[in-house]
>>> print(open('start-v2.txt').read())   # compact mmCIF, C-alpha atoms and all ligand atoms
# COMPACT_ATOMS: atom_id res chain seq x y z
CA MET A 1 -79.62 -30.80 -9.41
CA SER A 2 -77.06 -31.18 -12.12
CA LEU A 3 -76.69 -27.44 -12.21
CA LEU A 4 -76.09 -27.23 -8.47
CA SER A 5 -73.58 -30.07 -8.38
CA GLY A 6 -71.75 -28.58 -11.35
CA LEU A 7 -71.27 -25.17 -9.70
CA PRO A 8 -68.50 -25.87 -7.20
CA LEU A 9 -66.61 -27.81 -9.82
CA GLN A 10 -66.77 -24.95 -12.24
CA PHE A 11 -65.72 -22.53 -9.52
CA SER A 12 -62.63 -24.53 -8.68
CA ILE A 13 -61.66 -24.66 -12.34
CA ASP A 14 -61.91 -20.90 -12.44
CA VAL A 15 -59.52 -20.43 -9.48
CA SER A 16 -56.86 -22.68 -10.88
CA SER A 17 -57.07 -21.20 -14.34
CA LEU A 18 -56.81 -17.76 -12.79
CA LEU A 19 -53.68 -18.88 -10.98
CA ASN A 20 -52.39 -20.26 -14.23
CA VAL A 21 -52.93 -16.93 -15.90
CA VAL A 22 -51.18 -15.11 -13.06
CA TRP A 23 -48.32 -17.55 -13.18
CA LEU A 24 -47.92 -17.34 -16.94
CA GLY A 25 -48.27 -13.59 -16.70
CA SER A 26 -45.53 -13.31 -14.11
CA ILE A 27 -43.20 -15.42 -16.24
CA PHE A 28 -43.95 -13.08 -19.08
CA VAL A 29 -43.36 -10.00 -16.92
CA PHE A 30 -40.08 -11.35 -15.56
CA PHE A 31 -39.06 -12.35 -19.05
CA ILE A 32 -39.47 -8.81 -20.28
CA TYR A 33 -38.73 -6.76 -17.18
CA GLY A 34 -36.43 -9.15 -15.31
CA GLN A 35 -33.28 -7.49 -16.55
CA ARG A 36 -34.63 -4.11 -15.63
CA LEU A 37 -35.42 -5.36 -12.14
CA GLN A 38 -31.97 -6.85 -11.79
CA MET A 39 -30.44 -3.61 -13.01
CA TYR A 40 -32.39 -1.75 -10.38
CA LEU A 41 -31.06 -4.08 -7.69
CA ILE A 42 -27.48 -3.78 -8.96
CA ALA A 43 -27.71 0.00 -9.15
CA ASN A 44 -28.92 -0.01 -5.57
CA ASP A 45 -25.99 -2.14 -4.54
CA ILE A 46 -23.47 0.13 -6.22
CA SER A 47 -25.11 3.23 -4.83
CA ARG A 48 -24.64 1.84 -1.32
CA ALA A 49 -20.97 1.06 -2.02
CA LEU A 50 -20.54 4.50 -3.52
CA ASN A 51 -21.90 6.00 -0.36
CA ARG A 52 -19.32 4.11 1.66
CA LEU A 53 -16.59 5.35 -0.66
CA LYS A 54 -17.83 8.88 -0.12
CA ILE A 55 -17.68 8.45 3.65
CA MET A 56 -14.12 7.11 3.36
CA ARG A 57 -13.11 9.98 1.10
CA ASP A 58 -14.52 12.54 3.50
CA LYS A 59 -12.85 10.85 6.44
CA SER A 60 -9.42 10.88 4.82
CA ARG A 61 -9.88 14.48 3.73
CA LYS A 62 -10.78 15.45 7.27
CA GLU A 63 -7.80 13.51 8.63
CA ALA A 64 -5.52 15.37 6.25
CA ILE A 65 -6.90 18.74 7.31
CA ASP A 66 -6.70 17.74 10.97
CA TYR A 67 -3.10 16.60 10.62
CA PHE A 68 -2.14 19.93 9.08
CA THR A 69 -3.98 22.04 11.65
CA SER A 70 -2.83 19.96 14.62
CA SER A 71 0.80 20.42 13.62
CA GLY A 72 0.38 23.87 15.12
CA LYS A 73 2.48 25.82 12.66
CA VAL A 74 -0.08 26.07 9.92
CA THR A 75 -0.34 29.40 8.10
CA GLY A 76 -4.04 30.16 7.70
CA ASP A 77 -6.81 27.67 7.00
CA PRO A 78 -5.42 24.75 5.00
CA THR A 79 -8.86 23.46 3.93
CA GLN A 80 -8.97 25.23 0.58
CA ARG A 81 -5.38 24.34 -0.30
CA ILE A 82 -6.02 20.69 0.51
CA ASP A 83 -9.28 20.61 -1.44
CA GLU A 84 -7.48 22.02 -4.43
CA PHE A 85 -4.84 19.41 -4.03
CA LEU A 86 -7.27 16.49 -3.98
CA ASP A 87 -7.96 17.17 -7.65
CA TYR A 88 -4.32 17.59 -8.61
CA VAL A 89 -3.74 15.73 -11.87
CA THR A 90 -0.63 14.08 -13.21
CA ILE A 91 -0.68 13.81 -17.00
CA MET A 92 1.32 10.86 -18.23
CA PRO A 93 3.49 11.35 -21.33
CA VAL A 94 2.45 10.02 -24.72
CA ASP A 95 3.72 6.48 -25.33
CA MET A 96 3.08 6.07 -29.06
CA ASP A 97 6.82 6.43 -29.53
CA PRO A 98 8.02 4.58 -26.44
CA ARG A 99 11.72 5.41 -26.82
CA GLY A 100 12.81 7.36 -23.74
CA VAL A 101 9.36 7.30 -22.17
CA VAL A 102 10.77 6.16 -18.82
CA GLU A 103 12.83 9.34 -18.50
CA LYS A 104 9.73 11.37 -19.26
CA VAL A 105 7.64 9.52 -16.69
CA GLN A 106 10.42 9.97 -14.14
CA HIS A 107 10.60 13.67 -14.90
CA ILE A 108 6.85 14.08 -14.48
CA THR A 109 6.58 12.07 -11.25
CA ASN A 110 9.61 13.89 -9.83
CA THR A 111 8.03 17.23 -10.61
CA ARG A 112 4.84 16.05 -8.97
CA ASP A 113 6.61 14.80 -5.82
CA GLU A 114 8.55 18.04 -5.52
CA ARG A 115 5.36 20.00 -5.94
CA VAL A 116 3.63 17.98 -3.19
CA ARG A 117 6.55 18.51 -0.83
CA ALA A 118 6.72 22.20 -1.62
CA GLU A 119 2.99 22.51 -1.09
CA VAL A 120 3.14 20.77 2.28
CA SER A 121 6.10 22.87 3.40
CA GLN A 122 4.22 25.97 2.38
CA ILE A 123 1.13 25.09 4.42
CA ILE A 124 3.18 24.04 7.45
CA PRO A 125 6.60 25.72 7.32
CA ASN A 126 9.50 24.73 9.60
CA LEU A 127 8.16 21.29 10.28
CA ASP A 128 10.53 18.40 10.80
CA PRO A 129 11.05 16.19 7.73
CA THR A 130 9.30 13.17 9.24
CA LYS A 131 6.09 15.12 9.76
CA VAL A 132 6.31 16.65 6.29
CA SER A 133 6.69 13.16 4.81
CA VAL A 134 3.73 11.91 6.84
CA ALA A 135 1.65 14.85 5.63
CA GLU A 136 2.70 14.03 2.05
CA ASN A 137 1.61 10.42 2.50
CA ILE A 138 -1.74 11.34 4.06
CA LEU A 139 -2.37 13.85 1.29
CA GLU A 140 -1.61 11.16 -1.26
CA ILE A 141 -4.04 8.74 0.41
CA ALA A 142 -6.78 11.38 0.43
CA THR A 143 -6.11 12.08 -3.26
CA SER A 144 -6.31 8.37 -4.11
CA LEU A 145 -9.62 7.95 -2.28
CA ASN A 146 -10.96 11.04 -4.01
CA GLN A 147 -9.98 9.58 -7.37
CA ILE A 148 -11.48 6.16 -6.60
CA HIS A 149 -14.76 7.72 -5.55
CA LYS A 150 -14.87 9.93 -8.61
CA ILE A 151 -14.20 7.13 -11.07
CA VAL A 152 -16.73 4.74 -9.52
CA ARG A 153 -19.29 7.52 -9.46
CA HIS A 154 -18.58 8.28 -13.12
CA TYR A 155 -19.27 4.71 -14.26
CA TYR A 156 -22.28 4.36 -11.98
CA LEU A 157 -23.91 7.50 -13.35
CA LEU A 158 -22.92 6.65 -16.90
CA GLY A 159 -24.40 3.15 -16.53
CA LYS A 160 -27.64 4.53 -15.17
CA LYS A 161 -27.86 7.29 -17.75
CA THR A 162 -27.34 4.97 -20.70
CA ASN A 163 -29.31 2.10 -19.12
CA SER A 164 -26.25 -0.05 -19.68
CA TYR A 165 -26.85 -3.30 -17.85
CA MET A 166 -23.39 -4.67 -18.65
CA LEU A 167 -21.59 -1.56 -17.41
CA LEU A 168 -23.35 -1.66 -14.05
CA PHE A 169 -22.89 -5.40 -13.84
CA GLN A 170 -19.13 -5.11 -14.36
CA LEU A 171 -18.93 -2.30 -11.85
CA GLN A 172 -20.77 -4.41 -9.28
CA MET A 173 -18.40 -7.27 -9.99
CA ILE A 174 -15.25 -5.29 -9.11
CA MET A 175 -16.83 -3.31 -6.25
CA PRO A 176 -15.70 -5.67 -3.44
CA MET A 177 -12.05 -5.30 -4.55
CA VAL A 178 -12.38 -1.55 -4.89
CA LEU A 179 -13.88 -1.31 -1.40
CA GLN A 180 -11.13 -3.51 -0.01
CA GLU A 181 -8.47 -1.23 -1.42
CA ALA A 182 -10.27 1.91 -0.25
CA ASP A 183 -10.63 0.37 3.20
CA ALA A 184 -6.90 -0.35 3.30
CA LEU A 185 -6.16 3.26 2.37
CA VAL A 186 -8.42 4.62 5.12
CA ASN A 187 -6.79 2.37 7.69
CA ALA A 188 -3.33 3.41 6.49
CA VAL A 189 -3.97 6.99 7.62
CA ASP A 190 -3.91 5.91 11.30
CA THR A 191 -0.55 4.20 10.90
CA PHE A 192 0.99 7.11 9.02
CA LYS A 193 -0.22 9.66 11.56
CA LEU A 194 1.63 7.79 14.31
CA GLY A 195 4.77 7.28 12.22
CA GLN A 196 4.70 3.52 12.68
CA PRO A 197 6.46 1.21 10.21
CA VAL A 198 4.11 -0.32 7.64
CA GLY A 199 4.21 -3.86 6.26
CA ASP A 200 5.83 -2.53 3.09
CA GLY A 201 8.71 -1.35 5.31
CA ILE A 202 10.07 -4.86 5.78
CA GLY A 203 12.74 -4.29 3.09
CA PRO A 204 14.11 -1.16 4.82
CA VAL A 205 13.95 -2.91 8.25
CA ILE A 206 16.18 -5.70 6.97
CA ALA A 207 18.52 -3.30 5.14
CA SER A 208 18.88 -1.22 8.31
CA ARG A 209 20.30 -4.24 10.12
CA TYR A 210 23.26 -4.25 7.72
CA MET A 211 23.76 -0.47 8.05
CA GLN A 212 24.35 -0.27 11.78
CA ASN A 213 27.27 1.93 12.89
CA LEU A 214 28.41 2.60 9.33
CA PRO A 215 28.76 6.07 7.77
CA LYS A 216 25.80 6.92 5.54
CA GLN A 217 26.06 8.67 2.20
CA VAL A 218 23.25 10.10 0.09
CA VAL A 219 23.04 8.41 -3.32
CA GLY A 220 19.85 9.81 -4.79
CA LYS A 221 16.79 11.72 -3.69
CA ASP A 222 15.84 10.51 -0.18
CA THR A 223 18.13 7.50 -0.59
CA VAL A 224 21.08 6.55 1.61
CA MET A 225 23.81 3.93 1.30
CA THR A 226 26.48 2.37 3.47
CA VAL A 227 29.60 0.46 2.50
CA GLY A 228 30.48 -2.42 4.78
CA GLU A 229 31.95 -5.86 4.73
CA TYR A 230 30.46 -9.35 4.96
CA LYS A 231 32.68 -12.45 5.02
CA GLY A 232 35.31 -10.95 2.73
CA ARG A 233 32.83 -9.31 0.34
CA THR A 234 32.30 -5.57 0.10
CA LEU A 235 28.65 -5.07 0.98
CA TYR A 236 26.82 -1.99 -0.27
CA VAL A 237 23.46 -1.50 1.40
CA LEU A 238 20.86 1.03 0.36
CA LYS A 239 17.42 2.06 1.50
CA ALA A 240 15.28 5.20 1.53
CA GLU A 241 16.21 7.67 4.25
CA GLY A 242 14.22 7.01 7.40
CA PRO A 243 12.41 7.39 9.64
CA MET A 244 10.60 9.57 7.13
CA GLY A 245 7.86 8.05 5.00
CA TYR A 246 10.04 7.98 1.88
CA VAL A 247 10.45 5.35 -0.80
CA GLY A 248 13.54 6.98 -2.31
CA GLU A 249 14.98 6.34 -5.75
CA PRO A 250 16.64 2.92 -5.61
CA GLY A 251 16.79 2.71 -9.42
CA VAL A 252 18.65 5.98 -9.76
CA ALA A 253 20.89 5.06 -6.84
CA ILE A 254 21.87 1.67 -8.30
CA GLN A 255 22.51 3.23 -11.70
CA LYS A 256 24.65 5.90 -10.10
CA LEU A 257 26.60 3.34 -8.09
CA ILE A 258 27.43 1.27 -11.18
CA GLU A 259 27.83 3.90 -13.89
CA GLU A 260 29.00 7.02 -12.08
CA MET A 261 30.83 5.61 -9.09
CA LYS A 262 32.11 2.75 -11.31
CA VAL A 263 31.55 0.02 -8.73
CA PRO A 264 31.81 -3.34 -10.53
CA LEU A 265 29.03 -5.17 -8.69
CA ASN A 266 28.94 -8.98 -8.81
CA ALA A 267 25.41 -9.35 -7.49
CA ILE A 268 22.37 -7.29 -6.51
CA ILE A 269 20.00 -8.59 -3.84
CA MET A 270 16.64 -6.89 -3.50
CA VAL A 271 14.30 -7.34 -0.56
CA ASP A 272 10.74 -6.15 -0.91
CA ALA A 273 7.20 -6.77 0.24
CA ALA A 274 4.97 -8.51 -2.29
CA LEU A 275 1.22 -8.90 -2.50
CA LYS A 276 0.18 -12.36 -1.41
CA LEU A 277 -2.41 -14.41 -3.21
CA GLU A 278 -5.52 -15.41 -1.32
CA GLY A 279 -4.66 -18.49 0.69
CA GLU A 280 -0.99 -17.61 1.11
CA LYS A 281 0.17 -16.87 4.63
CA THR A 282 1.25 -13.41 5.74
CA GLY A 283 5.01 -13.28 6.25
CA GLU A 284 5.74 -16.13 3.85
CA ILE A 285 9.07 -15.70 2.10
CA ALA A 286 9.61 -16.25 -1.62
CA GLU A 287 12.97 -16.29 -3.33
CA GLY A 288 13.68 -15.66 -6.97
CA VAL A 289 15.43 -13.57 -9.58
CA GLY A 290 14.57 -10.21 -11.13
CA ALA A 291 14.07 -6.66 -9.92
CA ALA A 292 11.78 -6.84 -6.90
CA ILE A 293 10.26 -3.40 -6.89
CA GLY A 294 6.79 -2.01 -7.45
CA GLY A 295 5.66 1.49 -8.23
CA ILE A 296 5.17 3.10 -11.60
CA GLY A 297 8.07 1.21 -13.18
CA VAL A 298 10.81 3.85 -13.46
CA ASP A 299 13.07 2.28 -10.83
CA LYS A 300 12.37 -1.24 -12.05
CA PHE A 301 13.32 -0.22 -15.59
CA LYS A 302 16.55 1.42 -14.46
CA ILE A 303 17.61 -1.56 -12.39
CA GLU A 304 16.84 -3.99 -15.21
CA GLU A 305 18.60 -1.77 -17.72
CA VAL A 306 21.80 -1.29 -15.76
CA SER A 307 21.97 -4.89 -14.50
CA SER A 308 21.48 -6.38 -17.96
CA THR A 309 24.01 -4.02 -19.59
CA HIS A 310 26.64 -4.94 -17.01
CA LYS A 311 25.52 -8.59 -16.72
CA ILE A 312 24.92 -8.39 -12.98
CA PRO A 313 22.59 -11.07 -11.58
CA VAL A 314 19.65 -9.68 -9.61
CA TYR A 315 18.27 -11.85 -6.81
CA ALA A 316 14.91 -11.13 -5.21
CA ILE A 317 13.59 -11.97 -1.76
CA LEU A 318 9.92 -11.24 -1.16
CA VAL A 319 7.85 -11.12 2.00
CA LYS A 320 4.19 -11.85 1.29
CA GLN A 321 1.36 -9.71 2.66
CA SER A 322 -2.06 -8.40 1.73
CA ILE A 323 -2.63 -4.87 0.48
CA LEU A 324 -4.12 -3.92 3.85
CA GLU A 325 -1.11 -5.31 5.70
CA ALA A 326 1.31 -3.59 3.33
CA ILE A 327 0.08 -0.08 4.07
CA THR A 328 -0.95 -0.42 7.71
CA VAL A 329 1.21 -1.00 10.79
CA MET A 330 3.58 -3.95 10.38
CA ARG A 331 2.13 -7.24 11.62
CA LYS A 332 4.06 -9.52 13.91
CA GLU A 333 4.20 -12.25 11.25
CA ILE A 334 5.93 -9.84 8.86
CA ALA A 335 8.36 -8.50 11.47
CA GLU A 336 9.26 -12.03 12.46
CA ALA A 337 10.08 -12.92 8.85
CA SER A 338 13.04 -10.54 9.01
CA ASP A 339 15.25 -13.02 10.88
CA LYS A 340 14.59 -15.69 8.29
CA VAL A 341 15.18 -13.23 5.45
CA GLN A 342 18.51 -12.25 6.99
CA VAL A 343 19.59 -15.90 7.04
CA LEU A 344 18.50 -16.19 3.43
CA ILE A 345 20.42 -13.06 2.39
CA ASN A 346 23.56 -14.35 4.07
CA ARG A 347 23.15 -17.68 2.30
CA VAL A 348 22.66 -16.01 -1.10
CA ILE A 349 25.78 -13.88 -0.55
CA GLU A 350 27.82 -16.91 0.49
CA GLU A 351 26.58 -19.18 -2.30
CA LYS A 352 26.37 -16.78 -5.24
CA THR A 353 29.46 -14.68 -4.64
CA LYS A 354 33.04 -15.30 -3.57
CA GLU A 355 35.46 -13.46 -1.37
CA GLY A 356 36.58 -10.13 -2.78
CA ASP A 357 33.29 -9.66 -4.68
CA LYS A 358 31.14 -6.57 -4.43
CA VAL A 359 27.51 -7.12 -3.47
CA LEU A 360 24.62 -4.67 -3.26
CA LEU A 361 21.70 -5.20 -0.91
CA ALA A 362 18.67 -2.97 -1.52
CA GLY A 363 15.80 -2.74 0.97
CA ILE A 364 12.84 -1.60 -1.10
CA GLY A 365 9.69 -0.03 0.33
CA ASN A 366 8.31 2.82 2.38
CA THR A 367 10.73 3.43 5.23
CA LEU A 368 8.37 5.24 7.61
CA GLY A 369 9.39 4.52 11.20
CA VAL A 370 12.60 2.80 10.12
CA GLY A 371 15.89 4.62 10.57
CA GLN A 372 19.30 3.43 9.46
CA MET B 373 -16.46 -7.42 5.53
CA MET B 374 -15.19 -3.92 6.12
CA ASN B 375 -16.57 -3.89 9.63
CA SER B 376 -14.97 -7.18 10.55
CA GLN B 377 -11.66 -5.89 9.21
CA GLN B 378 -11.93 -2.74 11.26
CA ASP B 379 -12.83 -4.73 14.33
CA ARG B 380 -9.83 -6.97 13.87
CA LYS B 381 -7.63 -3.96 13.37
CA ALA B 382 -8.96 -2.18 16.43
CA LYS B 383 -7.88 -5.13 18.55
CA PHE B 384 -4.23 -4.88 17.50
CA ILE B 385 -1.71 -3.48 19.93
CA VAL B 386 1.54 -1.99 18.66
CA TYR B 387 4.74 -2.97 20.47
CA THR B 388 8.31 -1.74 20.36
CA ILE B 389 11.16 -4.21 20.85
CA GLU B 390 14.37 -2.87 22.40
CA GLU B 391 17.44 -5.02 22.08
CA CYS B 392 20.76 -4.68 23.89
CA PRO B 393 23.68 -4.89 21.43
CA ALA B 394 26.03 -6.09 24.19
CA CYS B 395 24.15 -8.90 25.94
CA GLY B 396 21.24 -9.44 23.55
CA GLN B 397 18.52 -8.86 26.14
CA LYS B 398 15.18 -8.03 24.51
CA THR B 399 12.45 -5.94 26.11
CA LYS B 400 8.96 -5.53 24.75
CA ARG B 401 6.97 -2.43 25.56
CA ALA B 402 4.04 -0.48 24.17
CA PHE B 403 4.79 1.75 21.16
CA GLN B 404 5.36 5.40 21.96
CA LEU B 405 5.06 8.31 19.55
CA GLY B 406 8.48 9.05 18.05
CA ASP B 407 9.74 5.47 18.20
CA TYR B 408 11.45 4.16 15.09
CA VAL B 409 13.55 1.14 14.21
CA THR B 410 17.31 1.76 14.90
CA LYS B 411 16.54 4.56 17.38
CA ASP B 412 18.38 4.38 20.71
CA GLY B 413 16.21 2.93 23.46
CA SER B 414 16.48 2.98 27.21
CA LYS B 415 19.40 1.56 29.23
CA CYS B 416 19.63 -2.23 29.36
CA SER B 417 18.31 -3.54 32.66
CA LYS B 418 20.99 -6.25 32.74
CA CYS B 419 24.25 -4.56 31.77
CA GLY B 420 23.45 -0.85 31.49
CA ASN B 421 24.30 -0.48 27.79
CA THR B 422 22.10 1.68 25.57
CA THR B 423 19.59 -0.52 23.79
CA LYS B 424 18.41 -0.11 20.19
CA ILE B 425 14.89 -0.45 18.83
CA THR B 426 15.06 -3.46 16.51
CA SER B 427 11.42 -3.99 15.73
CA ILE B 428 8.01 -2.36 15.86
CA TYR B 429 4.99 -4.50 15.15
CA ALA B 430 1.30 -4.98 15.79
CA GLU B 431 -0.01 -8.04 17.52
CA ALA B 432 -3.42 -9.23 18.60
CA PRO B 433 -3.65 -9.15 22.42
CA PRO B 434 -3.47 -12.52 24.21
CA LYS B 435 -6.89 -14.17 24.37
CA THR B 436 -8.44 -14.01 27.82
ZN ZN C 1 22.59 -5.63 28.05
>>> encode(input="start-v2.txt", output="C-alpha cells")
Amino acid sequence: MSLLSGLPLQFSIDVSSLLNVVWLGSIFVFFIYGQRLQMYLIANDISRALNRLKIMRDKSRKEAIDYFTSSGKVTGDPTQRIDEFLDYVTIMPVDMDPRGVVEKVQHITNTRDERVRAEVSQIIPNLDPTKVSVAENILEIATSLNQIHKIVRHYYLLGKKTNSYMLLFQLQMIMPMVLQEADALVNAVDTFKLGQPVGDGIGPVIASRYMQNLPKQVVGKDTVMTVGEYKGRTLYVLKAEGPMGYVGEPGVAIQKLIEEMKVPLNAIIMVDAALKLEGEKTGEIAEGVGAAIGGIGVDKFKIEEVSSTHKIPVYAILVKQSILEAITVMRKEIAEASDKVQVLINRVIEEKTKEGDKVLLAGIGNTLGVGQ
Amino acid sequence: MMNSQQDRKAKFIVYTIEECPACGQKTKRAFQLGDYVTKDGSKCSKCGNTTKITSIYAEAPPKT
C-alpha cells in the first residue's frame, strides 16, 4: 500500500528534476556556446547584406556597360575595359611630412580624373561632353559600389576566418549605414543617365541665376565665371560648367581670381548642399562662415589658404539634404529653397559689403542638368 | 528599408518649370530628356517671348 501510494509521487519528482537538469544544462550550454550562436546569427545577417551589396554592384556595373553600348558609338565590347576600370586604384601620397601634401593630392586626383575622361572618350569617341561626363559619373558610382562590396566582404571573411566576434559585431553595427549609402549610389545611376539635376546641384542652380545673359569665361578646369553687378558691387559668380556632370575646381578658380587676376575681393559667399542630420528637414537653410565645400579637401584648403592670407571673409549658405537626396534627382523641397537662398545672398551682400566692393559668389556642387 | 525607399522613389515624377523672363508666367510640364536649367524653353503662351527653364525637380504625385 505504502509502496503503491509512493510511486506516483516519486515519478513526479523524477519529471521535475529531469526538467531541472535540462534547464540547468541549457543555461550551461548557452553560457559556453551562446557567443558562438550569436556569432552565427550575426554572420548570417552580414552575409545577407553582402549579397544585397553584390546585387547592387552587379546592377551598377551592368548599367555602366549598358550606357556605353547604348550610346551607339562604342568601339568594340566595353565590358572588359569597364571591368578593368572597376578595380582602378588611386594611391594617396605619404603624409608623414604633410608640407605640400595638398598639391600632391591634387596632382594625383587630377591625373585620375583625366585618365577616367580619356578612358571614357576612348571607349565612346566623338560623344558630346554631357554624355561623357554622365558616363564618367556612372563609372565612378560602379567603382564605389565595387569598393564597398569588396571591403565589406574582406572584413566578413576575415571575421569568420579568425572567429573574431568583435569584428563581425562591429561590421553588423555599421551595415545599415553602408547599405543606405550603397542604395543611394544605385539610385543615383537613374538620375545621372537622364541628365537630371541632383540635390547637390542646388549651389550651381542658384549661381546660374546670377549668371544670366553675362559673358562666361573659363577660370579653371570645367569651371566658368561671370562678372556682373549687384547694387553697386561688382559681383563675380562661379560654378562648374554645365549642363555636364562636373564639379569643377572652385578652389583653383578662387585662387586664380585673387592671386593671378589680382581681384581684391571683399567677401566670398559659398552656396552648397550639406548633409542633414536625422530629424532635420530637407531643404532647410543654414547660414554660417567658412569654406562650404566637400570633397577630398583640396579645394577647401585652397579657399581657406587664399582667404586667410588676404583676410577675405568667407560666408557659407547651406541647403540641408540626405545623402540619397544629394545624389538623386533634386527634390521639390530643395528646389524651392533656392528662392529663399537668393534672398539670403542678397541680404548678405547688402549687409556685409558696401557699394564699390567686389564680391564673389560660388555655387558649389555637381552641376549636372544645370547650365549657366 | 531599402524597399520602402525604392518604392517612395518610384512614385516621384520629375517636372520642368519654364519661366517667361518678360511677364513672369510659369509653366510646369513633365521632364524631357535634354532639359537643363537655363536652357531656352518653348514660347510663352501669354506674350510670345522665349521662356527659360528655371527649375527641374521631383515631386510625389498628388494623392488620389
Ligand atoms: Zn510671357
>>> residues_near_ligand(input="start-v2.txt", ligand="ligand ZN 1 (chain C)", cutoff="8 Å", atoms="all atoms listed in the file", output="list of chain:residue names")
B:Glu391, B:Cys392, B:Pro393, B:Ala394, B:Cys395, B:Gly396, B:Gln397, B:Lys415, B:Cys416, B:Ser417, B:Lys418, B:Cys419, B:Gly420, B:Asn421, B:Thr422, B:Thr423
>>> closest_residue(input="start-v2.txt", among="B:Ile425, B:Val409, B:Phe403, B:Pro434", to="chain A", atoms="all atoms listed in the file")
B:Val409
>>> interface_residues(input="start-v2.txt", of="chain B", to="chain A", cutoff="6 Å", atoms="only C-alpha atoms", output="MDAnalysis selection string")
chainID B and resid 408:410 429:431
>>> closest_residue(input="start-v2.txt", among="A:Glu305, A:Val219, A:Thr191, A:Ile269", to="Ile385 in chain B", atoms="all atoms listed in the file")
A:Thr191
>>> atom_distance(input="start-v2.txt", atom1="CA of Gln35 in chain A", atom2="CA of Met173 in chain A")
16.3 Å
>>> closest_atom_pairs(input="start-v2.txt", of="range 236-283 of chain A", to="range 291-294 of chain A", cutoff="8 Å", atoms="all atoms listed in the file", output="CSV")
residue,atom,partner,partner_atom,distance
A:Met270,CA,A:Ala292,CA,5.9
A:Val271,CA,A:Ala292,CA,6.8
A:Asp272,CA,A:Ala292,CA,6.1
>>> closest_residue(input="start-v2.txt", among="A:Leu168, A:Val263, A:Leu145, A:Ile123", to="Ser47 in chain A", atoms="all atoms listed in the file")
A:Leu168
>>> closest_residue(input="start-v2.txt", among="A:Ser164, A:Gly228, A:Thr353, A:Asp190", to="Gln38 in chain A", atoms="only C-alpha atoms")
A:Ser164
>>> residues_around(input="start-v2.txt", residues="range 101-107 of chain A", least_positions_apart="3", cutoff="12 Å", atoms="all atoms listed in the file", output="ChimeraX atom specification")
/A:90-98,110-114,249,251-252,295-302,305
>>> write_last_selection(input="start-v2.txt", atoms="C-alpha atoms", output="short mmCIF file (atom, residue, chain, number, x, y, z; two decimals), in the coordinates of the input")
data_model
loop_
_atom_site.label_atom_id
_atom_site.label_comp_id
_atom_site.auth_asym_id
_atom_site.auth_seq_id
_atom_site.Cartn_x
_atom_site.Cartn_y
_atom_site.Cartn_z
CA THR A 90 -0.63 14.08 -13.21
CA ILE A 91 -0.68 13.81 -17.00
CA MET A 92 1.32 10.86 -18.23
CA PRO A 93 3.49 11.35 -21.33
CA VAL A 94 2.45 10.02 -24.72
CA ASP A 95 3.72 6.48 -25.33
CA MET A 96 3.08 6.07 -29.06
CA ASP A 97 6.82 6.43 -29.53
CA PRO A 98 8.02 4.58 -26.44
CA ASN A 110 9.61 13.89 -9.83
CA THR A 111 8.03 17.23 -10.61
CA ARG A 112 4.84 16.05 -8.97
CA ASP A 113 6.61 14.80 -5.82
CA GLU A 114 8.55 18.04 -5.52
CA GLU A 249 14.98 6.34 -5.75
CA GLY A 251 16.79 2.71 -9.42
CA VAL A 252 18.65 5.98 -9.76
CA GLY A 295 5.66 1.49 -8.23
CA ILE A 296 5.17 3.10 -11.60
CA GLY A 297 8.07 1.21 -13.18
CA VAL A 298 10.81 3.85 -13.46
CA ASP A 299 13.07 2.28 -10.83
CA LYS A 300 12.37 -1.24 -12.05
CA PHE A 301 13.32 -0.22 -15.59
CA LYS A 302 16.55 1.42 -14.46
CA GLU A 305 18.60 -1.77 -17.72
#
>>> atom_distance(input="start-v2.txt", atom1="CA of Asp412 in chain B", atom2="CA of Ile389 in chain B")
11.2 Å
>>> axis_aligned_box(input="start-v2.txt", around="range 334-352 of chain A", padding_each_side="8 Å", output="AutoDock Vina command-line options")
--center_x 16.9 --center_y -13.8 --center_z 3.6 --size_x 37.9 --size_y 26.7 --size_z 33.7
>>> atom_distance(input="start-v2.txt", atom1="CA of Pro264 in chain A", atom2="CA of Pro215 in chain A")
20.8 Å
